[in-house]
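S.K.: One structure, pasted below without further comment.
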Amino acid sequence: MPRPTRCRRIERLPEYRSFSPDDAEATASVLLTLDEYETLRLLDGENLTQESCAVRMNISRTTVTAIYDSARRKIADALVNGKRLLITGGCCEYGPVEITQKIIEKRSSCMRVAVTYDNGEIFQHFGHTEQFKVYDIQDGKIVNEQIVDTNGSGHGALAGFLSAVKADVLICGGIGMGAQIALVEAGIKLYGGVQGSADEAAKAFAEGRLSYDPDARCDCHDHHHEGDDCGHGHCQDHDCHCS
């Protein structure tokens with residue numbers, strides 16, 4: 001029986017999710033997985049050794065070698081044959097996030113809902129949120145609530161942050177595809193494209209009447225700047241700066 005695949009730890013989500021040739025229309029795509037992207041980022045972007053990369057990704061050095069070789073072949077295929085390169089998928093987990101404040105203990109009978117939060121309203125840019133308001137819901141009612149600081153966690157760490165506070169659901173405004181993938185991997189249900197009062201949204205969710213947009217998109221995809229930490233929002237093309 002084959003040994004189960006060990007999930008690879010991802011510290012940062014890609015800021016840009018797809019690349020296409022400018023001088024021709026790409027007729028085929030190459031799929032680069034998130035763990036393949038991470039080996040390229042660590043080995044070539046940070047100039048780490050394979051041993052150091054293996055420690056950071058929580059896998060063996062031989063696995064790093066195999067993932068890196070696969071990533072290089074895919075990039076060569078995209079460059080040589082004029083294909084679109086799309087970064088998505090992979091067996092991944094996200095780096096642990098330390099929570100520095102005391103979190104209300106979650107009861108086993110409760111569902112925990114996290115809402116991007118700013119001065120009472122739903123903050124519209126997931127990747128830049130500085131606070132979540134966390135609500136525990138039981139039998140259609142809110143039984144606990146707490147505001148939690150993210151301590152500057154960037155969009156690549158926020159899925160790990162939400163896992164650390166034991167969130168089952170995220171309510172937010174804009175959110176990019178990279179963050180959406182991270183939430184899926186973390187088992188957190190997403191309700192995007194929501195605006196207005198955080199308390200009202202949580203109450204509406206508890207009562208089964210929350211209006212949300214499953215196809216909410218970020219419209220500032222073309223306004224990235226190098227070094228920006230972006231987030232998500234149902235942005236179909238990548239983690240855009242508005243998330």
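Naming works like this for the structure tokens: A, B, ... for the chains as they're shown, residue 1 at the start of each chain, ligands 1 onward in shown order.
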Which of segment 109-176 of chain A end up as strand (DSSP E) when DSSP is run on this backbone - answer as a short mmCIF file (atom, residue, chain, number, x, y, z; two decimals) with C-alpha atoms, in the first residue's frame?
M.R.:
data_model
loop_
_atom_site.label_atom_id
_atom_site.label_comp_id
_atom_site.auth_asym_id
_atom_site.auth_seq_id
_atom_site.Cartn_x
_atom_site.Cartn_y
_atom_site.Cartn_z
CA MET A 111 -19.64 26.80 15.21
CA ARG A 112 -16.98 29.54 15.18
CA VAL A 113 -17.39 32.32 12.61
CA ALA A 114 -14.60 34.83 11.92
CA VAL A 115 -15.38 38.16 10.26
CA THR A 116 -12.80 40.59 8.86
CA TYR A 117 -13.28 43.56 11.16
CA ASP A 118 -12.66 47.30 11.24
CA GLU A 121 -17.77 47.02 9.84
CA ILE A 122 -16.70 44.10 7.65
CA GLN A 131 -8.53 42.26 13.24
CA PHE A 132 -11.13 39.53 13.08
CA LYS A 133 -14.26 39.48 15.16
CA VAL A 134 -14.95 35.91 16.19
CA TYR A 135 -18.45 34.69 17.00
CA ASP A 136 -19.47 31.35 18.51
CA ILE A 137 -22.88 30.22 17.28
CA GLN A 138 -25.07 27.56 18.86
CA LYS A 141 -27.78 32.24 18.30
CA ILE A 142 -24.50 34.00 19.05
CA VAL A 143 -23.29 32.83 22.45
CA ASN A 144 -19.78 34.36 22.52
CA GLU A 145 -17.90 37.05 20.63
CA GLN A 146 -14.37 38.41 20.71
CA ILE A 147 -12.15 40.76 18.69
CA VAL A 148 -8.80 39.17 17.82
CA ASP A 149 -5.73 41.02 16.50
CA VAL A 169 -16.33 29.90 8.74
CA LEU A 170 -14.96 33.16 7.33
CA ILE A 171 -17.17 36.11 6.36
#
S.K.: Could you check which of A:Ile10, A:Leu86, A:Ala164, A:Val80 is closest to Arg56 of chain A, using only C-alpha atoms?
M.R.: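 Residue with the minimum atom-to-atom distance to Arg56 of chain A: A:Ile10.
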S.K.: Would you mind telling me which residue in A:Leu210, A:Leu190, A:Val30, A:Leu183 lies nearest to Thr88 of chain A when using only C-alpha atoms?
M.R.: A:Val30
S.K.: Quick check for you: according to DSSP on this backbone, which residues of segment 66-182 of chain A are classed as helix (DSSP H, G or I)? Reply as a VMD selection string.
M.R.: chain A and resid 66 to 81 126 to 128 155 to 164 177 to 182
S.K.: Please report the interatomic distance between atom CA of Ser197 of chain A and atom CA of Gly140 of chain A in Å with one decimal.
M.R.: 18.3 Å
S.K.: In terms of the shortest atom-to-atom distance over only C-alpha atoms, which of A:Glu98, A:Glu93, A:Asp35, A:Glu51 is closest to Phe161 of chain A?
M.R.: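 Comparing A:Glu98, A:Glu93, A:Asp35, A:Glu51 against Phe161 of chain A, the winner is A:Glu98.
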S.K.: Taking into account only C-alpha atoms, which residue in the set A:Ile75, A:Leu13, A:Val64, A:Ala206 is nearest to Gln180 of chain A?
M.R.: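 Using only C-alpha atoms, Gln180 of chain A sits closest to A:Leu13.
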S.K.: Using only C-alpha atoms for the distances, tell me which of A:Ala198, A:Ile59, A:Val165, A:Ala54 is nearest to Ile104 of chain A.
M.R.: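 Of all the options, A:Val165 lies closest to Ile104 of chain A.
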S.K.: So, counting only C-alpha atoms, which residue among A:Cys53, A:Ile87, A:Leu40, A:Ala179 is closest to Phe126 of chain A?
M.R.: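 Selected residue with least distance to Phe126 of chain A: A:Ala179.
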S.K.: When you look at Leu32 of chain A with a cut-off of 12 Å (counting only C-alpha atoms), what residues show up, excluding the ones that are within fewer than 3 positions of it in the same chain? I need them as a ChimeraX atom specification.
M.R.: /A:14,17-19,29,35-40,67-78,83-90
S.K.: Quick one: distance from atom CA of Ser108 of chain A to atom CA of Ala202 of chain A in Å, one decimal?
M.R.: 18.9 Å
